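Following: one structure in structure tokens, then a few remarks.
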Amino acid sequence: MQLDLNLLAAFDALLEEGSVAGAAARLHVTAPAMSRSLGRIRRTTGDQILVRTGRTMTPTPYAIAVREQVHALLQQVQGVLAPSRELDLATLERTFTLRWHDSLVALSGPALLAAVRRQAPGVQLRFVAESSIDTPGLRRGEVDLEANANRPSAPDIRAEHVGETRLVVVARRGHPLTRVPAVTAERYAAAEHIAVSRRGNLSNAVDDALARLALTRSVVAAAPTEAAALEFVRGSDLLVTAPEATTRSAVEGLGLVVLPLPLELPSAAVYLSWHQRYDTDHAHTWLRGLARTALTSAARSSA
């Protein structure tokens with residue numbers, strides 16, 4: 001039997017995406033080409049792999065049974081065929097996908113891109129937004145690097161602590177709290193707040209800390225990003241509590257004021273994460289080093 005290794009990549013994409021269109025988009029090929037690959041896989045395996053159920057496609061029992069094995073085989077093949085020669089940054093052509101917290105993109109992204117452009121002008125960076133749900137992007141090979149406050153627990157995901165920054169309170173100029181001698185926990189709790197949560201959560205560790213003091217605050221809204229929350233703060237008496245490093249540049253540009261958070265809370269950590277398959281990938285190692293420097297420098301400057 002003569003096997004086309006391209007079919008293995010197509011097989012993996014079809015099983016992960018559950019549709020021809022999704023697999024085609026993932027591998028950057030046309031839907032008809034992916035449909036032909038599915039036909040070849042069906043003929044090779046003697047199984048339908050995906051069957052239509054209404055308007056969606058459902059994997060067959062065989063497809064479900066071999067999904068993990070196919071994914072592992074593809075990773076092994078990629079590892080064997082990956083070039084081990086010395087990295088030539090001047091001629092390197094590669095696109096990296098980075099799923100970073102939006103505020104980290106604004107804070108450290110420009111420095112990272114500038115460093116990449118100086119050293120490897122043929123490299124492209126794709127910064128993509130975080131999802132409202134947890135996604136296996138690192139494991140599936142769709143994302144090269146993640147940067148946020150979450151330390152992954154999966155054994156095949158590497159995570160490196162690259163910095164931390166204290167939480168602060170951001171308000172508009174002239175807010176009542178800017179005119180008091182000191183921001184106390186009671187005054188902080190009495191104000192109205194906007195939370196930052198890509199999932200829309202209206203409470204977080206701040207509320208837990210207030211509860212330990214027998215205090216509660218009024219959270220009137222949740223915004224998906226810090227940038228959006230700061231716009232709400234800019235035109236109202238709302239407060240937002242966020243990491244100092246990620247809000248610093250935006251605060252200066254919007255004419256807002258940073259106040260101390262009158263609560264005992266640990267600093268917000270920043271983690272850089274990647275899949276273990278890239279541990280020995282020279283280009284990925286190079287990019288991780290630049291990303292680490294950009295993130296660490298930004299966090300250190302706020303300390």
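In the structure tokens, each chain is lettered A, B, ... as it comes, each chain's residues begin at 1, and ligands are numbered from 1 in order of appearance.
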Residues of region 108-216 of chain A classed as alpha helix (DSSP H) by DSSP on the backbone are to be reported as a JSON list (two decimals) with N, CA, C and O atoms, in the first residue's frame.
[["chain", "number", "residue", "atom", "x", "y", "z"],
["A", 108, "SER", "N", 2.92, 44.46, 24.63],
["A", 108, "SER", "CA", 4.19, 43.84, 24.23],
["A", 108, "SER", "C", 4.27, 43.50, 22.75],
["A", 108, "SER", "O", 5.36, 43.22, 22.25],
["A", 109, "GLY", "N", 3.13, 43.48, 22.06],
["A", 109, "GLY", "CA", 3.12, 43.12, 20.65],
["A", 109, "GLY", "C", 4.01, 43.98, 19.77],
["A", 109, "GLY", "O", 4.77, 43.44, 18.95],
["A", 110, "PRO", "N", 3.95, 45.31, 19.89],
["A", 110, "PRO", "CA", 4.80, 46.15, 19.03],
["A", 110, "PRO", "C", 6.28, 45.87, 19.19],
["A", 110, "PRO", "O", 7.02, 45.82, 18.20],
["A", 111, "ALA", "N", 6.74, 45.66, 20.43],
["A", 111, "ALA", "CA", 8.16, 45.37, 20.64],
["A", 111, "ALA", "C", 8.54, 44.03, 20.05],
["A", 111, "ALA", "O", 9.62, 43.88, 19.46],
["A", 112, "LEU", "N", 7.66, 43.04, 20.19],
["A", 112, "LEU", "CA", 7.94, 41.73, 19.62],
["A", 112, "LEU", "C", 8.01, 41.81, 18.10],
["A", 112, "LEU", "O", 8.94, 41.27, 17.48],
["A", 113, "LEU", "N", 7.04, 42.47, 17.48],
["A", 113, "LEU", "CA", 7.04, 42.57, 16.02],
["A", 113, "LEU", "C", 8.27, 43.31, 15.51],
["A", 113, "LEU", "O", 8.87, 42.92, 14.51],
["A", 114, "ALA", "N", 8.66, 44.36, 16.21],
["A", 114, "ALA", "CA", 9.85, 45.12, 15.78],
["A", 114, "ALA", "C", 11.09, 44.23, 15.82],
["A", 114, "ALA", "O", 11.92, 44.26, 14.91],
["A", 115, "ALA", "N", 11.22, 43.41, 16.88],
["A", 115, "ALA", "CA", 12.37, 42.53, 16.99],
["A", 115, "ALA", "C", 12.36, 41.46, 15.90],
["A", 115, "ALA", "O", 13.40, 41.14, 15.32],
["A", 116, "VAL", "N", 11.18, 40.93, 15.61],
["A", 116, "VAL", "CA", 11.05, 39.92, 14.56],
["A", 116, "VAL", "C", 11.42, 40.51, 13.21],
["A", 116, "VAL", "O", 12.15, 39.90, 12.42],
["A", 117, "ARG", "N", 10.93, 41.71, 12.93],
["A", 117, "ARG", "CA", 11.19, 42.34, 11.63],
["A", 117, "ARG", "C", 12.68, 42.63, 11.45],
["A", 117, "ARG", "O", 13.20, 42.52, 10.35],
["A", 118, "ARG", "N", 13.36, 43.00, 12.54],
["A", 118, "ARG", "CA", 14.79, 43.29, 12.43],
["A", 118, "ARG", "C", 15.59, 42.02, 12.12],
["A", 118, "ARG", "O", 16.53, 42.05, 11.33],
["A", 119, "GLN", "N", 15.21, 40.92, 12.73],
["A", 119, "GLN", "CA", 16.01, 39.71, 12.62],
["A", 119, "GLN", "C", 15.57, 38.77, 11.50],
["A", 119, "GLN", "O", 16.41, 38.10, 10.89],
["A", 137, "GLY", "N", -6.25, 25.09, 21.11],
["A", 137, "GLY", "CA", -5.47, 25.58, 19.97],
["A", 137, "GLY", "C", -4.02, 25.18, 20.00],
["A", 137, "GLY", "O", -3.44, 24.86, 18.96],
["A", 138, "LEU", "N", -3.39, 25.19, 21.18],
["A", 138, "LEU", "CA", -1.98, 24.80, 21.27],
["A", 138, "LEU", "C", -1.82, 23.33, 20.92],
["A", 138, "LEU", "O", -0.92, 22.95, 20.16],
["A", 139, "ARG", "N", -2.67, 22.51, 21.46],
["A", 139, "ARG", "CA", -2.56, 21.07, 21.24],
["A", 139, "ARG", "C", -2.83, 20.71, 19.78],
["A", 139, "ARG", "O", -2.20, 19.81, 19.23],
["A", 140, "ARG", "N", -3.75, 21.40, 19.15],
["A", 140, "ARG", "CA", -4.11, 21.08, 17.78],
["A", 140, "ARG", "C", -3.17, 21.71, 16.77],
["A", 140, "ARG", "O", -3.31, 21.50, 15.57],
["A", 185, "ALA", "N", -11.02, 50.49, 51.45],
["A", 185, "ALA", "CA", -11.81, 49.37, 50.93],
["A", 185, "ALA", "C", -13.29, 49.73, 50.92],
["A", 185, "ALA", "O", -14.04, 49.36, 50.00],
["A", 186, "GLU", "N", -13.73, 50.46, 51.95],
["A", 186, "GLU", "CA", -15.15, 50.85, 52.04],
["A", 186, "GLU", "C", -15.52, 51.81, 50.90],
["A", 186, "GLU", "O", -16.57, 51.67, 50.28],
["A", 187, "ARG", "N", -14.67, 52.79, 50.65],
["A", 187, "ARG", "CA", -14.96, 53.73, 49.56],
["A", 187, "ARG", "C", -14.90, 53.04, 48.21],
["A", 187, "ARG", "O", -15.69, 53.32, 47.31],
["A", 188, "TYR", "N", -13.95, 52.14, 48.06],
["A", 188, "TYR", "CA", -13.83, 51.37, 46.81],
["A", 188, "TYR", "C", -15.09, 50.54, 46.58],
["A", 188, "TYR", "O", -15.66, 50.54, 45.48],
["A", 189, "ALA", "N", -15.56, 49.85, 47.60],
["A", 189, "ALA", "CA", -16.74, 49.00, 47.46],
["A", 189, "ALA", "C", -17.99, 49.82, 47.20],
["A", 189, "ALA", "O", -18.92, 49.34, 46.51],
["A", 190, "ALA", "N", -18.06, 51.03, 47.71],
["A", 190, "ALA", "CA", -19.26, 51.85, 47.56],
["A", 190, "ALA", "C", -19.42, 52.39, 46.14],
["A", 190, "ALA", "O", -20.53, 52.80, 45.75],
["A", 205, "ALA", "N", -11.84, 37.55, 41.70],
["A", 205, "ALA", "CA", -11.10, 37.47, 42.96],
["A", 205, "ALA", "C", -11.25, 38.74, 43.80],
["A", 205, "ALA", "O", -11.13, 38.69, 45.04],
["A", 206, "VAL", "N", -11.52, 39.87, 43.16],
["A", 206, "VAL", "CA", -11.72, 41.11, 43.91],
["A", 206, "VAL", "C", -12.91, 40.98, 44.84],
["A", 206, "VAL", "O", -12.88, 41.40, 46.00],
["A", 207, "ASP", "N", -13.98, 40.39, 44.32],
["A", 207, "ASP", "CA", -15.19, 40.24, 45.15],
["A", 207, "ASP", "C", -14.95, 39.27, 46.30],
["A", 207, "ASP", "O", -15.51, 39.44, 47.39],
["A", 208, "ASP", "N", -14.12, 38.26, 46.07],
["A", 208, "ASP", "CA", -13.78, 37.33, 47.15],
["A", 208, "ASP", "C", -13.02, 38.06, 48.26],
["A", 208, "ASP", "O", -13.26, 37.84, 49.45],
["A", 209, "ALA", "N", -12.10, 38.94, 47.85],
["A", 209, "ALA", "CA", -11.34, 39.70, 48.84],
["A", 209, "ALA", "C", -12.24, 40.66, 49.62],
["A", 209, "ALA", "O", -12.08, 40.84, 50.84],
["A", 210, "LEU", "N", -13.18, 41.28, 48.93],
["A", 210, "LEU", "CA", -14.13, 42.17, 49.62],
["A", 210, "LEU", "C", -15.01, 41.39, 50.59],
["A", 210, "LEU", "O", -15.31, 41.87, 51.70],
["A", 211, "ALA", "N", -15.42, 40.20, 50.17],
["A", 211, "ALA", "CA", -16.28, 39.38, 51.04],
["A", 211, "ALA", "C", -15.58, 39.05, 52.35],
["A", 211, "ALA", "O", -16.22, 38.96, 53.41],
["A", 212, "ARG", "N", -14.27, 38.86, 52.31],
["A", 212, "ARG", "CA", -13.52, 38.56, 53.53],
["A", 212, "ARG", "C", -13.53, 39.75, 54.50],
["A", 212, "ARG", "O", -13.27, 39.60, 55.69]]
inquiry  = Report as a PyMOL selection string all protein, DNA and RNA residues lying within 10 Å of Glu226 (chain A), evaluated on only C-alpha atoms, omitting residues in the same chain fewer than 6 positions from it.
reply    = chain A and resi 101-103+194-198+232+240-243+246-247+250
Generate the output file for the selected residues, all heavy atoms, as a tab-separated table (two decimals), in the first residue's frame.
chain	number	residue	atom	x	y	z
A	101	HIS	N	-3.69	37.60	25.42
A	101	HIS	CA	-4.67	38.49	26.00
A	101	HIS	C	-4.55	39.83	25.29
A	101	HIS	O	-3.45	40.30	24.99
A	101	HIS	CB	-4.40	38.64	27.50
A	101	HIS	CG	-5.46	39.40	28.24
A	101	HIS	ND1	-5.55	40.77	28.21
A	101	HIS	CD2	-6.48	38.97	29.03
A	101	HIS	CE1	-6.57	41.16	28.95
A	101	HIS	NE2	-7.15	40.08	29.46
A	102	ASP	N	-5.70	40.47	25.01
A	102	ASP	CA	-5.68	41.67	24.18
A	102	ASP	C	-4.79	42.77	24.75
A	102	ASP	O	-4.10	43.49	24.01
A	102	ASP	CB	-7.11	42.20	23.99
A	102	ASP	CG	-7.70	42.78	25.26
A	102	ASP	OD1	-8.04	41.99	26.16
A	102	ASP	OD2	-7.82	44.02	25.36
A	103	SER	N	-4.77	42.89	26.07
A	103	SER	CA	-3.94	43.94	26.66
A	103	SER	C	-2.45	43.63	26.51
A	103	SER	O	-1.62	44.53	26.39
A	103	SER	CB	-4.29	44.12	28.14
A	103	SER	OG	-4.12	42.91	28.84
A	194	ILE	N	-17.06	48.22	36.64
A	194	ILE	CA	-17.21	47.40	35.44
A	194	ILE	C	-16.13	46.32	35.48
A	194	ILE	O	-14.97	46.61	35.81
A	194	ILE	CB	-17.11	48.22	34.14
A	194	ILE	CG1	-17.33	47.32	32.91
A	194	ILE	CG2	-15.78	48.97	34.03
A	194	ILE	CD1	-17.56	48.09	31.62
A	195	ALA	N	-16.51	45.08	35.21
A	195	ALA	CA	-15.57	43.97	35.24
A	195	ALA	C	-15.05	43.70	33.83
A	195	ALA	O	-15.69	44.05	32.84
A	195	ALA	CB	-16.24	42.72	35.81
A	196	VAL	N	-13.89	43.07	33.76
A	196	VAL	CA	-13.32	42.65	32.48
A	196	VAL	C	-13.35	41.13	32.45
A	196	VAL	O	-12.72	40.47	33.28
A	196	VAL	CB	-11.88	43.15	32.30
A	196	VAL	CG1	-11.32	42.67	30.96
A	196	VAL	CG2	-11.83	44.67	32.38
A	197	SER	N	-14.10	40.58	31.52
A	197	SER	CA	-14.21	39.12	31.41
A	197	SER	C	-14.64	38.74	30.01
A	197	SER	O	-15.68	39.18	29.55
A	197	SER	CB	-15.23	38.57	32.42
A	197	SER	OG	-15.48	37.20	32.20
A	198	ARG	N	-13.83	37.92	29.34
A	198	ARG	CA	-14.21	37.47	28.00
A	198	ARG	C	-15.38	36.50	28.07
A	198	ARG	O	-16.03	36.23	27.06
A	198	ARG	CB	-13.02	36.83	27.27
A	198	ARG	CG	-12.37	35.67	27.97
A	198	ARG	CD	-11.04	35.32	27.30
A	198	ARG	NE	-10.29	34.31	28.02
A	198	ARG	CZ	-10.28	33.03	27.72
A	198	ARG	NH1	-10.98	32.61	26.68
A	198	ARG	NH2	-9.58	32.17	28.41
A	232	PHE	N	-15.67	52.68	28.82
A	232	PHE	CA	-16.80	52.89	29.73
A	232	PHE	C	-16.38	53.79	30.88
A	232	PHE	O	-17.10	54.71	31.28
A	232	PHE	CB	-17.30	51.55	30.29
A	232	PHE	CG	-18.16	50.76	29.35
A	232	PHE	CD1	-17.61	49.77	28.56
A	232	PHE	CD2	-19.52	50.99	29.26
A	232	PHE	CE1	-18.39	49.02	27.69
A	232	PHE	CE2	-20.32	50.26	28.40
A	232	PHE	CZ	-19.76	49.27	27.62
A	240	VAL	N	-12.66	50.43	37.03
A	240	VAL	CA	-12.24	49.12	36.56
A	240	VAL	C	-10.96	48.75	37.27
A	240	VAL	O	-10.07	49.60	37.47
A	240	VAL	CB	-12.04	49.09	35.02
A	240	VAL	CG1	-10.92	50.00	34.57
A	240	VAL	CG2	-11.78	47.65	34.56
A	241	THR	N	-10.87	47.51	37.70
A	241	THR	CA	-9.68	47.00	38.38
A	241	THR	C	-8.95	46.09	37.41
A	241	THR	O	-9.53	45.12	36.90
A	241	THR	CB	-10.06	46.24	39.65
A	241	THR	OG1	-10.81	47.13	40.50
A	241	THR	CG2	-8.83	45.76	40.38
A	242	ALA	N	-7.68	46.38	37.14
A	242	ALA	CA	-6.95	45.66	36.11
A	242	ALA	C	-5.46	45.68	36.41
A	242	ALA	O	-5.00	46.49	37.24
A	242	ALA	CB	-7.22	46.30	34.74
A	243	PRO	N	-4.68	44.82	35.75
A	243	PRO	CA	-3.22	44.84	35.95
A	243	PRO	C	-2.62	46.17	35.51
A	243	PRO	O	-2.96	46.69	34.45
A	243	PRO	CB	-2.74	43.69	35.06
A	243	PRO	CG	-3.92	42.78	34.94
A	243	PRO	CD	-5.11	43.68	34.91
A	246	THR	N	-0.75	46.32	31.96
A	246	THR	CA	-1.54	46.24	30.73
A	246	THR	C	-2.42	47.47	30.51
A	246	THR	O	-2.90	47.68	29.40
A	246	THR	CB	-2.43	44.99	30.76
A	246	THR	OG1	-3.33	45.05	31.87
A	246	THR	CG2	-1.60	43.73	30.85
A	247	THR	N	-2.62	48.28	31.55
A	247	THR	CA	-3.47	49.46	31.38
A	247	THR	C	-2.66	50.75	31.23
A	247	THR	O	-3.21	51.77	30.84
A	247	THR	CB	-4.41	49.62	32.59
A	247	THR	OG1	-3.64	49.75	33.78
A	247	THR	CG2	-5.34	48.42	32.72
A	250	ALA	N	-2.69	52.72	27.81
A	250	ALA	CA	-4.04	53.16	27.46
A	250	ALA	C	-4.51	54.26	28.39
A	250	ALA	O	-5.18	55.22	27.97
A	250	ALA	CB	-4.99	51.97	27.52
query = Any idea what's packed within 8 Å of region 120-122 of chain A, counting only C-alpha atoms, ignoring anything in its chain fewer than 2 positions away? Could you give it as a list in words?
reply =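 Here the answer would be Leu89, Ala90, Thr91, Leu92, Glu93, Arg94, Val116, Arg117, Arg118 and Gln124 of chain A.
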query = So how many Å separate CA of Met34 (chain A) and CA of Ala21 (chain A), to one decimal?
reply =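 For CA of Met34 (chain A) relative to CA of Ala21 (chain A), the distance reads 7.8 Å.
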Per residue of region 134-200 of chain A within 12 Å of region 281-290 of chain A, what are the shortest atom pair and its distance in Å to one decimal, counting only C-alpha atoms, with rows by chain and residue number, as a Markdown table?
| residue | atom | partner | partner_atom | distance |
| --- | --- | --- | --- | --- |
| A:Val143 | CA | A:His284 | CA | 11.6 |
| A:Asp144 | CA | A:His284 | CA | 7.9 |
| A:Leu145 | CA | A:Arg288 | CA | 7.8 |
| A:Glu146 | CA | A:Arg288 | CA | 10.3 |
| A:Ala147 | CA | A:Arg288 | CA | 10.9 |
| A:Arg158 | CA | A:Arg288 | CA | 11.5 |
| A:Ala159 | CA | A:Arg288 | CA | 11.3 |
| A:Glu160 | CA | A:Arg288 | CA | 10.2 |
| A:Val162 | CA | A:Gly289 | CA | 10.8 |
Would you mind exporting the chosen residues as a short mmCIF file (atom, residue, chain, number, x, y, z; two decimals), in the first residue's frame, restricted to C-alpha atoms?
data_model
loop_
_atom_site.label_atom_id
_atom_site.label_comp_id
_atom_site.auth_asym_id
_atom_site.auth_seq_id
_atom_site.Cartn_x
_atom_site.Cartn_y
_atom_site.Cartn_z
CA VAL A 143 -1.69 28.36 17.92
CA ASP A 144 2.07 28.62 18.43
CA LEU A 145 2.17 30.73 21.58
CA GLU A 146 -0.36 31.80 24.18
CA ALA A 147 0.17 34.59 26.71
CA ARG A 158 4.67 23.95 28.52
CA ALA A 159 4.13 27.09 30.58
CA GLU A 160 6.68 29.66 31.67
CA VAL A 162 7.38 35.56 32.42
#
query = Counting only C-alpha atoms, which of A:Arg179, A:Arg43, A:Arg55, A:His193 gets nearest to Asp237 (chain A)?
reply =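 Among A:Arg179, A:Arg43, A:Arg55, A:His193, it is A:His193 that comes nearest to Asp237 (chain A).
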task = Would you mind reading off the distance between CA of Ser203 (chain A) and CA of Glu231 (chain A), one decimal, in Å?
result =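 Spanning CA of Ser203 (chain A) to CA of Glu231 (chain A) is a straight-line distance of 19.6 Å.
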ask   = So how far away is CA of Leu202 (chain A) from CA of Leu263 (chain A), in Å?
value =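 Separation between CA of Leu263 (chain A) and CA of Leu202 (chain A): 18.2 Å.
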request  = Can you work out which one of A:Arg217, A:Arg248, A:Arg99, A:His28 has the shortest atom-to-atom distance to Val170 (chain A), counting only C-alpha atoms?
outcome  =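 Looking at the shortest contact to Val170 (chain A), the residue is A:Arg248.
Nearest residue to Leu38 (chain A) among A:Gly18, A:Gly163, A:Gly54, A:Pro181 is A:Gly18, counting only C-alpha atoms.
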key: Filtered DSSP result for region 202-239 of chain A, state strand (DSSP E), as a list in words   =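 After running DSSP on the backbone, region 202-239 of chain A has strand (DSSP E) at Ser218, Val219, Val220, Ala221, Ala222 and Ala223 of chain A.
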Take the selection from the previous step and output its residues with C-alpha atoms, as an mmCIF file, in the first residue's frame.
data_model
loop_
_atom_site.group_PDB
_atom_site.id
_atom_site.type_symbol
_atom_site.label_atom_id
_atom_site.label_comp_id
_atom_site.auth_asym_id
_atom_site.auth_seq_id
_atom_site.Cartn_x
_atom_site.Cartn_y
_atom_site.Cartn_z
ATOM 1 C CA SER A 218 -21.843 46.912 42.666
ATOM 2 C CA VAL A 219 -20.670 45.558 39.304
ATOM 3 C CA VAL A 220 -23.030 47.054 36.743
ATOM 4 C CA ALA A 221 -21.491 45.576 33.591
ATOM 5 C CA ALA A 222 -18.817 43.265 32.171
ATOM 6 C CA ALA A 223 -16.722 44.089 29.100
#
